[in-house]
>>> print(open('my_file23.txt').read())   # compact mmCIF, C-alpha atoms
# COMPACT_ATOMS: atom_id res chain seq x y z
CA MET A 1 0.00 0.00 0.00
CA ASP A 2 2.82 2.35 0.85
CA ARG A 3 4.53 1.56 -2.41
CA PHE A 4 1.33 2.30 -4.31
CA MET A 5 0.94 5.65 -2.55
CA ASN A 6 4.56 6.49 -3.32
CA ASN A 7 3.96 5.77 -6.98
CA ILE A 8 1.01 8.13 -7.00
CA LYS A 9 3.08 10.84 -5.36
CA ILE A 10 5.82 10.37 -7.93
CA LYS A 11 3.34 10.63 -10.76
CA LYS A 12 1.82 13.78 -9.33
CA ASN A 13 4.98 15.85 -8.95
CA ARG A 14 6.75 17.41 -11.92
CA ARG A 15 9.85 15.28 -11.76
CA GLY A 16 7.76 12.17 -11.67
CA GLN A 17 5.80 13.22 -14.70
CA ALA A 18 8.97 13.87 -16.70
CA GLN A 19 10.32 10.50 -15.71
CA TYR A 20 7.11 8.80 -16.67
CA PHE A 21 7.11 10.59 -20.03
CA LEU A 22 10.69 9.55 -20.79
CA GLU A 23 9.87 5.98 -19.98
CA SER A 24 6.97 6.17 -22.39
CA ALA A 25 9.10 7.69 -25.14
CA PHE A 26 9.87 4.23 -26.40
CA ARG A 27 6.20 3.44 -26.92
CA ILE A 28 5.48 6.89 -28.38
CA GLY A 29 8.26 6.37 -30.92
CA PHE A 30 6.83 3.00 -31.80
CA LEU A 31 3.40 4.55 -32.27
CA MET A 32 4.85 7.20 -34.59
CA ILE A 33 6.56 4.54 -36.69
CA ALA A 34 3.29 2.62 -36.90
CA LEU A 35 1.39 5.73 -38.03
CA LEU A 36 4.08 6.54 -40.57
CA ALA A 37 3.93 3.02 -41.95
CA PHE A 38 0.16 3.21 -42.13
CA PHE A 39 0.21 6.38 -44.22
CA LEU A 40 3.06 5.04 -46.33
CA LEU A 41 1.16 1.89 -47.21
CA THR A 42 -2.03 3.84 -47.81
CA ASN A 43 -0.19 6.04 -50.28
CA PHE A 44 1.11 2.99 -52.09
CA TYR A 45 -2.34 1.48 -52.48
CA VAL A 46 -4.42 4.59 -53.10
CA VAL A 47 -3.34 6.47 -56.20
CA ASN A 48 -4.43 10.04 -55.61
CA ARG A 49 -1.89 11.77 -57.84
CA ILE A 50 -0.86 10.81 -61.35
CA ASN A 51 2.01 12.39 -63.18
CA THR A 52 0.79 12.70 -66.75
CA ASN A 53 3.63 14.84 -68.10
CA ARG A 54 5.18 12.02 -70.08
CA LEU A 55 1.82 11.01 -71.50
CA GLN A 56 1.05 14.61 -72.47
CA SER A 57 4.35 14.86 -74.30
CA GLU A 58 3.62 11.63 -76.21
CA VAL A 59 0.13 12.81 -77.14
CA THR A 60 1.50 16.12 -78.37
CA ALA A 61 4.20 14.41 -80.42
CA ASP A 62 1.70 11.95 -81.90
CA ARG A 63 -0.73 14.71 -82.72
CA ILE A 64 1.98 16.41 -84.75
CA MET A 65 3.56 13.36 -86.37
CA TYR A 66 0.47 11.25 -87.03
CA SER A 67 -1.69 14.00 -88.47
CA ASP A 68 -1.76 16.32 -91.44
CA ALA A 69 -0.12 19.08 -89.37
CA ILE A 70 3.24 18.90 -91.15
CA MET A 71 2.92 15.75 -93.26
CA TYR A 72 2.57 15.82 -97.01
CA GLU A 73 -0.98 15.53 -98.23
CA GLU A 74 -2.22 14.75 -101.71
CA ASN A 75 -5.78 13.99 -102.79
CA SER A 76 -6.87 13.82 -99.14
CA ARG A 77 -4.24 11.16 -98.46
CA ILE A 78 -1.60 11.86 -95.85
CA TYR A 79 1.85 10.42 -96.47
CA MET A 80 3.16 9.50 -93.04
CA GLY A 81 6.83 10.21 -92.61
CA ILE A 82 7.06 12.67 -95.51
CA VAL A 83 7.17 16.23 -94.25
CA ASP A 84 5.96 19.04 -96.47
CA VAL A 85 8.20 22.02 -95.75
CA LYS A 86 5.43 24.38 -96.90
CA LYS A 87 3.48 23.34 -93.81
CA PHE A 88 6.47 23.44 -91.52
CA ASN A 89 5.74 26.75 -89.79
CA ASP A 90 4.21 28.15 -86.62
CA ASP A 91 0.90 29.15 -88.19
CA THR A 92 0.08 25.73 -89.60
CA LEU A 93 1.04 24.02 -86.35
CA SER A 94 -1.17 26.40 -84.35
CA LYS A 95 -4.13 25.75 -86.63
CA LYS A 96 -3.75 22.00 -86.84
CA VAL A 97 -2.82 21.37 -83.22
CA ASP A 98 -5.29 23.68 -81.59
CA TYR A 99 -5.88 23.30 -77.89
CA GLN A 100 -8.52 25.54 -76.40
CA THR A 101 -7.03 25.96 -72.96
CA GLN A 102 -4.12 28.17 -72.10
CA LYS A 103 -2.17 25.64 -70.12
CA HIS A 104 -0.99 23.08 -72.58
CA ALA A 105 2.09 21.55 -74.10
CA THR A 106 4.50 23.52 -76.20
CA ALA A 107 7.00 22.25 -78.71
CA ARG A 108 9.86 23.26 -80.92
CA LEU A 109 10.52 21.31 -84.10
CA ASP A 110 13.87 21.48 -85.83
CA LEU A 111 14.23 19.85 -89.21
CA ARG A 112 17.83 18.78 -89.73
CA ASP A 113 19.18 17.62 -93.05
CA ASN A 114 20.86 14.23 -92.97
CA ILE A 115 23.57 15.08 -95.48
CA ASP A 116 25.07 18.29 -94.10
CA GLY A 117 23.61 18.14 -90.60
CA ASP A 118 22.30 21.72 -90.74
CA ILE A 119 19.02 22.78 -89.22
CA LYS A 120 16.99 23.77 -92.26
CA TYR A 121 13.64 24.70 -90.74
CA THR A 122 12.28 25.46 -87.30
CA ALA A 123 8.68 25.66 -86.18
CA TYR A 124 7.05 26.25 -82.82
CA LEU A 125 3.85 25.14 -81.27
CA ASN A 126 2.79 27.96 -78.95
CA LYS A 127 6.07 29.84 -79.20
CA ALA A 128 5.49 32.49 -76.51
CA GLN A 129 4.81 29.89 -73.84
CA TYR A 130 7.66 27.73 -75.07
CA GLU A 131 10.16 30.52 -74.52
CA ASN A 132 8.81 31.26 -71.04
CA LEU A 133 8.82 27.64 -69.94
CA TYR A 134 12.16 26.85 -71.57
CA VAL A 135 13.94 29.31 -69.29
CA LEU A 136 12.31 27.83 -66.19
CA ALA A 137 12.90 24.24 -67.21
CA LYS A 138 16.53 24.88 -68.13
CA ALA A 139 17.09 26.66 -64.80
CA ASN A 140 16.18 23.38 -63.07
CA ALA A 141 13.24 25.03 -61.34
CA ASN A 142 11.10 22.27 -59.92
CA GLY A 143 7.50 22.05 -58.85
CA LYS A 144 4.43 23.89 -59.96
CA GLY A 145 4.99 26.82 -62.27
CA SER A 146 7.95 25.14 -63.87
CA ALA A 147 8.04 22.61 -66.69
CA THR A 148 9.63 19.39 -67.92
CA ILE A 149 11.49 18.99 -71.20
CA TYR A 150 11.22 15.91 -73.40
CA THR A 151 13.18 15.41 -76.61
CA LYS A 152 12.43 13.06 -79.47
CA ASP A 153 14.13 12.34 -82.78
CA TYR A 154 12.12 11.26 -85.80
CA PRO A 155 13.88 10.28 -89.02
CA ILE A 156 11.76 11.53 -91.92
CA THR A 157 11.80 12.42 -95.59
CA TYR A 158 11.15 16.05 -96.37
CA LYS A 159 9.67 17.36 -99.55
CA ASN A 160 10.79 20.71 -100.83
CA GLY A 161 9.00 21.47 -104.07
CA THR A 162 9.50 18.38 -106.18
CA SER A 163 12.68 17.16 -104.51
CA TYR A 164 12.94 14.80 -101.57
CA ARG A 165 15.68 14.63 -98.96
CA TYR A 166 16.22 12.63 -95.82
CA GLY A 167 16.27 14.44 -92.53
CA THR A 168 15.50 14.23 -88.85
CA ILE A 169 12.94 16.12 -86.84
CA ILE A 170 14.25 16.99 -83.42
CA MET A 171 11.23 17.65 -81.31
CA THR A 172 11.64 19.43 -77.99
CA ILE A 173 8.42 19.27 -76.03
CA ILE A 174 7.85 21.23 -72.85
CA ILE A 175 5.05 20.27 -70.51
CA PRO A 176 4.09 22.56 -67.61
CA ASN A 177 4.30 20.81 -64.26
CA SER A 178 0.89 20.37 -62.72
CA MET B 1 20.08 -14.67 -26.76
CA PHE B 2 20.47 -10.91 -26.43
CA LYS B 3 19.10 -11.10 -22.96
CA LYS B 4 21.91 -13.41 -21.92
CA ILE B 5 24.69 -11.46 -23.57
CA LEU B 6 23.70 -7.87 -22.93
CA PRO B 7 23.12 -6.37 -19.48
CA LYS B 8 19.59 -6.62 -18.24
CA LYS B 9 19.35 -2.82 -18.07
CA LEU B 10 18.96 -2.57 -21.84
CA PHE B 11 15.76 -4.62 -21.88
CA SER B 12 14.07 -3.29 -18.78
CA ASN B 13 12.81 0.12 -17.82
CA ARG B 14 13.53 1.87 -14.53
CA ARG B 15 10.67 0.16 -12.80
CA GLY B 16 12.21 -3.17 -13.74
CA GLU B 17 9.52 -4.08 -16.25
CA ASP B 18 10.70 -6.35 -19.01
CA MET B 19 10.87 -4.54 -22.36
CA ILE B 20 12.20 -7.42 -24.45
CA ILE B 21 8.79 -7.95 -26.08
CA ASP B 22 8.75 -4.32 -27.26
CA PHE B 23 12.24 -4.75 -28.67
CA TRP B 24 11.34 -7.78 -30.80
CA ALA B 25 8.03 -6.28 -31.86
CA ILE B 26 9.71 -3.17 -33.20
CA LEU B 27 12.42 -5.18 -34.91
CA VAL B 28 9.93 -7.44 -36.70
CA PHE B 29 7.71 -4.51 -37.57
CA ALA B 30 10.66 -2.60 -39.02
CA ILE B 31 11.67 -5.59 -41.14
CA ILE B 32 8.13 -5.95 -42.48
CA ILE B 33 7.98 -2.24 -43.35
CA VAL B 34 11.33 -2.37 -45.13
CA CYS B 35 10.17 -5.40 -47.15
CA PHE B 36 6.94 -3.62 -48.12
CA VAL B 37 8.84 -0.52 -49.21
CA ILE B 38 11.26 -2.54 -51.33
CA VAL B 39 8.51 -4.58 -52.98
CA PHE B 40 6.29 -1.61 -53.79
CA ALA B 41 9.17 0.54 -54.99
CA ALA B 42 10.26 -2.26 -57.33
CA GLU B 43 6.72 -2.68 -58.67
CA LYS B 44 6.42 1.03 -59.32
CA THR B 45 9.71 1.07 -61.25
CA THR B 46 8.65 -1.92 -63.32
CA LEU B 47 5.38 -0.25 -64.24
CA THR B 48 7.13 2.96 -65.26
CA ASN B 49 9.67 1.06 -67.36
CA LYS B 50 6.90 -0.89 -69.06
CA ILE B 51 5.04 2.27 -70.05
CA ASP B 52 8.24 3.91 -71.31
CA THR B 53 9.04 0.85 -73.40
CA GLU B 54 5.57 0.98 -74.95
CA PHE B 55 6.18 4.57 -76.01
CA GLU B 56 9.57 3.74 -77.46
CA ASN B 57 8.23 0.74 -79.35
CA LYS B 58 5.60 3.06 -80.83
CA ASP B 59 8.32 5.42 -82.03
CA THR B 60 10.25 2.50 -83.48
CA ASP B 61 7.12 1.49 -85.34
CA PHE B 62 6.84 5.00 -86.78
CA MET B 63 10.50 4.90 -87.82
CA LEU B 64 10.12 1.57 -89.61
CA ASN B 65 6.98 2.54 -91.48
CA ALA B 66 8.36 5.98 -92.37
CA PHE B 67 11.52 4.31 -93.69
CA LEU B 68 9.66 1.76 -95.78
CA SER B 69 7.39 4.38 -97.34
CA ALA B 70 10.19 6.91 -97.93
CA PRO B 71 10.64 7.82 -101.60
CA LEU B 72 14.11 7.54 -103.06
CA VAL B 73 15.92 10.85 -103.34
CA ASP B 74 17.09 10.18 -106.91
CA ASP B 75 13.90 8.47 -108.05
CA PRO B 76 10.84 9.61 -106.07
CA SER B 77 8.57 7.28 -108.01
CA LYS B 78 10.04 4.39 -106.00
CA THR B 79 9.98 3.79 -102.29
CA VAL B 80 12.32 1.85 -100.02
CA SER B 81 9.75 -0.95 -99.99
CA ASP B 82 10.04 -1.24 -103.76
CA VAL B 83 13.82 -1.52 -103.49
CA ILE B 84 13.55 -4.27 -100.86
CA VAL B 85 11.12 -6.19 -103.05
CA GLU B 86 13.48 -5.89 -106.02
CA GLU B 87 16.50 -6.99 -104.06
CA SER B 88 14.75 -9.82 -102.27
CA THR B 89 14.87 -11.79 -105.50
CA THR B 90 18.67 -11.91 -105.30
CA GLY B 91 18.89 -12.18 -101.53
CA LYS B 92 21.45 -9.38 -101.35
CA PHE B 93 20.52 -5.89 -100.26
CA PRO B 94 23.25 -3.35 -101.09
CA LYS B 95 20.83 -0.57 -102.09
CA THR B 96 18.68 -1.17 -99.04
CA GLN B 97 21.77 -0.99 -96.89
CA LYS B 98 22.76 2.35 -98.43
CA LEU B 99 19.25 3.70 -97.97
CA PHE B 100 19.20 2.49 -94.39
CA GLU B 101 22.45 4.31 -93.71
CA ASP B 102 21.28 7.54 -95.36
CA TYR B 103 17.91 7.52 -93.70
CA PHE B 104 19.02 6.90 -90.11
CA LYS B 105 22.30 8.75 -90.38
CA ARG B 106 21.43 11.48 -87.88
CA THR B 107 19.06 9.63 -85.63
CA MET B 108 20.85 9.85 -82.33
CA GLN B 109 18.13 9.24 -79.80
CA ILE B 110 14.81 7.68 -79.09
CA ASN B 111 12.85 9.53 -76.46
CA GLY B 112 15.98 11.20 -75.15
CA GLN B 113 17.91 7.92 -74.86
CA ASP B 114 21.06 7.51 -76.89
CA LEU B 115 21.12 4.88 -79.60
CA ASN B 116 24.21 3.00 -80.59
CA ASN B 117 22.87 0.19 -82.71
CA MET B 118 20.28 -0.42 -85.37
CA LEU B 119 19.36 -3.64 -87.07
CA LEU B 120 17.16 -4.12 -90.07
CA ARG B 121 16.15 -7.70 -90.74
CA ILE B 122 14.52 -8.76 -93.93
CA ASP B 123 12.94 -12.15 -94.27
CA ASP B 124 11.99 -12.96 -97.83
CA ASN B 125 10.61 -16.39 -97.18
CA ASP B 126 7.53 -17.88 -95.70
CA PRO B 127 8.10 -17.61 -91.95
CA LEU B 128 6.05 -20.71 -91.27
CA SER B 129 8.31 -22.94 -93.31
CA ILE B 130 11.38 -21.39 -91.69
CA THR B 131 10.06 -22.17 -88.25
CA ALA B 132 9.56 -25.77 -89.25
CA GLU B 133 12.98 -25.98 -90.82
CA THR B 134 15.26 -24.41 -88.26
CA GLY B 135 13.37 -24.03 -85.07
CA TYR B 136 14.68 -20.49 -84.70
CA GLY B 137 11.57 -18.78 -85.95
CA TRP B 138 12.03 -16.34 -88.74
CA PHE B 139 15.64 -15.66 -87.82
CA GLY B 140 16.37 -18.77 -89.85
CA THR B 141 17.07 -17.25 -93.24
CA ALA B 142 16.72 -13.55 -92.54
CA THR B 143 19.19 -11.11 -93.97
CA THR B 144 20.44 -8.66 -91.44
CA ILE B 145 21.76 -5.21 -92.00
CA ALA B 146 23.40 -4.01 -88.84
CA TRP B 147 24.82 -0.62 -88.00
CA GLU B 148 26.83 0.64 -85.13
CA LYS B 149 27.00 4.33 -84.46
CA VAL B 150 30.36 5.57 -83.31
CA LYS B 151 30.66 9.24 -82.43
CA GLY B 152 27.88 10.23 -84.77
CA TYR B 153 29.02 8.14 -87.72
CA PHE B 154 27.67 4.87 -88.91
CA THR B 155 29.89 2.00 -89.81
CA VAL B 156 28.93 -1.41 -91.03
CA LEU B 157 29.26 -3.70 -88.06
CA SER B 158 28.48 -7.04 -89.57
CA GLN B 159 26.17 -8.98 -91.78
CA PRO B 160 26.06 -12.09 -89.68
CA SER B 161 24.73 -15.34 -90.97
CA ASN B 162 21.55 -16.29 -89.25
CA PRO B 163 22.61 -18.72 -86.51
CA VAL B 164 25.14 -16.09 -85.46
CA LEU B 165 22.44 -13.46 -85.29
CA GLY B 166 20.61 -15.60 -82.78
CA ILE B 167 23.78 -15.88 -80.71
CA VAL B 168 24.53 -12.17 -80.97
CA LEU B 169 21.10 -11.22 -79.80
CA SER B 170 21.19 -13.64 -76.94
CA THR B 171 24.62 -12.58 -75.75
CA HIS B 172 24.59 -8.82 -76.13
CA LYS B 173 25.07 -6.91 -72.97
CA GLU B 174 23.36 -3.82 -71.60
CA ILE B 175 20.06 -4.87 -73.10
CA ARG B 176 17.91 -1.93 -74.12
CA GLN B 177 16.25 -2.49 -77.42
CA TYR B 178 12.98 -1.62 -79.09
CA THR B 179 11.48 -3.46 -82.01
CA ALA B 180 8.94 -2.98 -84.74
CA GLN B 181 8.03 -5.37 -87.51
CA THR B 182 5.74 -5.39 -90.47
CA TYR B 183 5.10 -7.10 -93.77
CA LEU B 184 5.63 -5.15 -96.93
CA PRO B 185 2.36 -4.05 -98.54
CA GLY B 186 1.37 -6.56 -101.19
CA TYR B 187 3.74 -9.16 -99.75
CA GLU B 188 1.90 -10.13 -96.62
CA LYS B 189 3.22 -13.35 -95.09
CA LYS B 190 6.06 -13.18 -97.60
CA ILE B 191 8.51 -10.33 -96.95
CA LYS B 192 8.80 -9.43 -93.32
CA VAL B 193 10.88 -6.50 -92.12
CA GLU B 194 11.94 -5.87 -88.55
CA LEU B 195 13.69 -2.83 -87.13
CA VAL B 196 15.59 -3.24 -83.88
CA ILE B 197 17.08 -0.15 -82.30
CA GLY B 198 18.56 0.58 -78.95
CA SER B 199 21.76 0.39 -77.05
CA TRP B 200 23.73 -2.78 -76.63
CA THR B 201 27.18 -4.18 -77.15
CA TYR B 202 28.16 -7.29 -79.03
CA ASP B 203 30.16 -10.20 -77.84
CA THR B 204 32.62 -9.83 -80.72
CA SER B 205 34.46 -13.06 -79.94
CA ILE B 206 31.35 -15.09 -80.73
CA VAL B 207 30.64 -13.08 -83.88
CA SER B 208 34.16 -13.52 -85.22
CA SER B 209 34.39 -17.22 -84.42
CA GLU B 210 31.03 -18.13 -85.89
CA ASN B 211 30.76 -15.70 -88.77
CA PRO B 212 33.14 -16.26 -91.65
CA LYS B 213 32.28 -12.85 -93.12
CA LYS B 214 33.60 -11.00 -90.09
>>> encode(input="my_file23.txt", output="structure tokens")
Amino acid sequence: MDRFMNNIKIKKNRRGQAQYFLESAFRIGFLMIALLAFFLLTNFYVVNRINTNRLQSEVTADRIMYSDAIMYEENSRIYMGIVDVKKFNDDTLSKKVDYQTQKHATARLDLRDNIDGDIKYTAYLNKAQYENLYVLAKANANGKGSATIYTKDYPITYKNGTSYRYGTIIMTIIIPNS
Amino acid sequence: MFKKILPKKLFSNRRGEDMIIDFWAILVFAIIIVCFVIVFAAEKTTLTNKIDTEFENKDTDFMLNAFLSAPLVDDPSKTVSDVIVEESTTGKFPKTQKLFEDYFKRTMQINGQDLNNMLLRIDDNDPLSITAETGYGWFGTATTIAWEKVKGYFTVLSQPSNPVLGIVLSTHKEIRQYTAQTYLPGYEKKIKVELVIGSWTYDTSIVSSENPKK
């Protein structure tokens, strides 16, 4: 009985409380680890955030390469892989790849000749935003407000008038981080 | 075991209560958590890699079809497909090889990843009969045009005979390759073309010992 009363006295004074707390620190730490593990596992199972930047860049690239945006067209037939340099400009790209919202992918297309390696033509999709985002992305600014750069090479044939030459489209796509 | 070796103080609190159960519980729990983290992290990486590979295979498919439908620079009335059909009668493909070199000369990357090798395989036989004959699928009598890119230039690496090709593909290191295959229009089930691009290195000792052309 005396021992029990002593324990109560210890617990009531300040020193006793501190001692009791320190002894419980072990269990508190364990509880924190358990909670952390719970949220960790929940995050693994429940997908509440999807990074679609890569997908957006692929969709943008496909929309340019698999459409009549820059490809040669004759009698309503599109020749995939043959670029018509007459279409290879900002205006045509803006018309053919027209997104209604402001926040969308931007791209720069360089057409390089295979023989001499020179960049012959350049076209932009949404040039103003490309230049803004390019600076941020190149400065390694992360998070919202910045952007991610993806590059793709497409070997193609390009048609200039009646002549054909082999070249490569170097596509630099910038997707705003969301 | 620990209880015997280490002083009792480590496993008991100041009131003398035994804490050994808490110790083992935390240890086991920590191990389980670490295992979960490793397993889920690995699964996530696998999924990401799988999606990336799908995208790169799609680009390879575009490259192959764009190449086959590309008109010749000196004779735009013909395409690369026409040249392959013409040359398939002889079984040798020098023009196709030249076209392949010209067309992919400056292709350095696929989705931002560097390329160092490209293979174009042309099978001008019925793949079903080849499978029955050799057991190696359509590698059996395929003609291979292989390129290795060195510092931006292409050099002919080899034109291995077919059993060697099987060995080369099975022994290359640093495997990262993307494939696309199609039949030439009008020659379905007859002339099959496959493009393999990516980054890998050859086991040159096997190529040189098995391939008399090397």
>>> atom_distance(input="my_file23.txt", atom1="CA of Lys190 (chain B)", atom2="CA of Asp123 (chain B)")
7.7 Å
>>> atom_distance(input="my_file23.txt", atom1="CA of Lys58 (chain B)", atom2="CA of Thr157 (chain A)")
18.5 Å
>>> closest_residue(input="my_file23.txt", among="A:Thr122, A:Ser94, A:Asn114, A:Ser178", to="chain B", atoms="only C-alpha atoms")
A:Asn114
>>> interface_residues(input="my_file23.txt", of="chain B", to="chain A", cutoff="8 Å", atoms="only C-alpha atoms", output="count of residues only")
29
>>> atom_distance(input="my_file23.txt", atom1="CA of Thr182 (chain B)", atom2="CA of Gly198 (chain B)")
18.2 Å
>>> axis_aligned_box(input="my_file23.txt", around="region 31-43 of chain A", padding_each_side="8 Å", output="JSON")
{"center_x": 2.3, "center_y": 4.5, "center_z": -41.3, "size_x": 24.6, "size_y": 21.3, "size_z": 34.0}
>>> build_atoms(input="my_file23.txt", residues="region 56-82 of chain A", atoms="N, CA and C atoms", output="mmCIF file, keeping the file's coordinate frame")
data_model
loop_
_atom_site.group_PDB
_atom_site.id
_atom_site.type_symbol
_atom_site.label_atom_id
_atom_site.label_comp_id
_atom_site.auth_asym_id
_atom_site.auth_seq_id
_atom_site.Cartn_x
_atom_site.Cartn_y
_atom_site.Cartn_z
ATOM 1 N N GLN A 56 1.392 13.388 -71.723
ATOM 2 C CA GLN A 56 1.050 14.610 -72.470
ATOM 3 C C GLN A 56 2.065 14.859 -73.583
ATOM 4 N N SER A 57 3.333 14.623 -73.277
ATOM 5 C CA SER A 57 4.350 14.860 -74.300
ATOM 6 C C SER A 57 4.179 13.884 -75.463
ATOM 7 N N GLU A 58 3.826 12.627 -75.148
ATOM 8 C CA GLU A 58 3.620 11.630 -76.210
ATOM 9 C C GLU A 58 2.403 11.992 -77.062
ATOM 10 N N VAL A 59 1.344 12.434 -76.394
ATOM 11 C CA VAL A 59 0.130 12.810 -77.140
ATOM 12 C C VAL A 59 0.411 13.985 -78.059
ATOM 13 N N THR A 60 1.151 14.948 -77.548
ATOM 14 C CA THR A 60 1.500 16.120 -78.370
ATOM 15 C C THR A 60 2.334 15.698 -79.580
ATOM 16 N N ALA A 61 3.337 14.860 -79.322
ATOM 17 C CA ALA A 61 4.200 14.410 -80.420
ATOM 18 C C ALA A 61 3.396 13.633 -81.453
ATOM 19 N N ASP A 62 2.506 12.753 -80.973
ATOM 20 C CA ASP A 62 1.700 11.950 -81.900
ATOM 21 C C ASP A 62 0.749 12.831 -82.698
ATOM 22 N N ARG A 63 0.214 13.833 -82.025
ATOM 23 C CA ARG A 63 -0.730 14.710 -82.720
ATOM 24 C C ARG A 63 -0.030 15.465 -83.856
ATOM 25 N N ILE A 64 1.238 15.725 -83.682
ATOM 26 C CA ILE A 64 1.980 16.410 -84.750
ATOM 27 C C ILE A 64 2.411 15.417 -85.828
ATOM 28 N N MET A 65 2.957 14.275 -85.396
ATOM 29 C CA MET A 65 3.560 13.360 -86.370
ATOM 30 C C MET A 65 2.547 12.463 -87.078
ATOM 31 N N TYR A 66 1.447 12.161 -86.424
ATOM 32 C CA TYR A 66 0.470 11.250 -87.030
ATOM 33 C C TYR A 66 -0.730 11.994 -87.597
ATOM 34 N N SER A 67 -0.564 13.238 -87.931
ATOM 35 C CA SER A 67 -1.690 14.000 -88.470
ATOM 36 C C SER A 67 -1.238 14.730 -89.726
ATOM 37 N N ASP A 68 -2.118 15.556 -90.250
ATOM 38 C CA ASP A 68 -1.760 16.320 -91.440
ATOM 39 C C ASP A 68 -1.112 17.656 -91.066
ATOM 40 N N ALA A 69 -0.686 17.803 -89.814
ATOM 41 C CA ALA A 69 -0.120 19.080 -89.370
ATOM 42 C C ALA A 69 1.089 19.485 -90.217
ATOM 43 N N ILE A 70 2.044 18.575 -90.355
ATOM 44 C CA ILE A 70 3.240 18.900 -91.150
ATOM 45 C C ILE A 70 3.485 17.874 -92.257
ATOM 46 N N MET A 71 2.682 16.815 -92.283
ATOM 47 C CA MET A 71 2.920 15.750 -93.260
ATOM 48 C C MET A 71 2.345 16.109 -94.630
ATOM 49 N N TYR A 72 2.984 15.566 -95.623
ATOM 50 C CA TYR A 72 2.570 15.820 -97.010
ATOM 51 C C TYR A 72 1.202 15.205 -97.262
ATOM 52 N N GLU A 73 0.383 15.969 -97.963
ATOM 53 C CA GLU A 73 -0.980 15.530 -98.230
ATOM 54 C C GLU A 73 -1.279 15.699 -99.713
ATOM 55 N N GLU A 74 -1.857 14.663 -100.293
ATOM 56 C CA GLU A 74 -2.220 14.750 -101.710
ATOM 57 C C GLU A 74 -3.505 13.969 -101.921
ATOM 58 N N ASN A 75 -4.468 14.610 -102.541
ATOM 59 C CA ASN A 75 -5.780 13.990 -102.790
ATOM 60 C C ASN A 75 -6.386 13.404 -101.498
ATOM 61 N N SER A 76 -6.320 14.199 -100.449
ATOM 62 C CA SER A 76 -6.870 13.820 -99.140
ATOM 63 C C SER A 76 -6.159 12.622 -98.518
ATOM 64 N N ARG A 77 -5.009 12.232 -99.079
ATOM 65 C CA ARG A 77 -4.240 11.160 -98.460
ATOM 66 C C ARG A 77 -3.002 11.758 -97.807
ATOM 67 N N ILE A 78 -2.758 11.351 -96.578
ATOM 68 C CA ILE A 78 -1.600 11.860 -95.850
ATOM 69 C C ILE A 78 -0.474 10.838 -95.960
ATOM 70 N N TYR A 79 0.682 11.300 -96.348
ATOM 71 C CA TYR A 79 1.850 10.420 -96.470
ATOM 72 C C TYR A 79 2.662 10.515 -95.176
ATOM 73 N N MET A 80 2.492 9.512 -94.344
ATOM 74 C CA MET A 80 3.160 9.500 -93.040
ATOM 75 C C MET A 80 4.672 9.400 -93.207
ATOM 76 N N GLY A 81 5.374 10.271 -92.541
ATOM 77 C CA GLY A 81 6.830 10.210 -92.610
ATOM 78 C C GLY A 81 7.420 11.106 -93.680
ATOM 79 N N ILE A 82 6.552 11.730 -94.496
ATOM 80 C CA ILE A 82 7.060 12.670 -95.510
ATOM 81 C C ILE A 82 6.581 14.072 -95.113
#
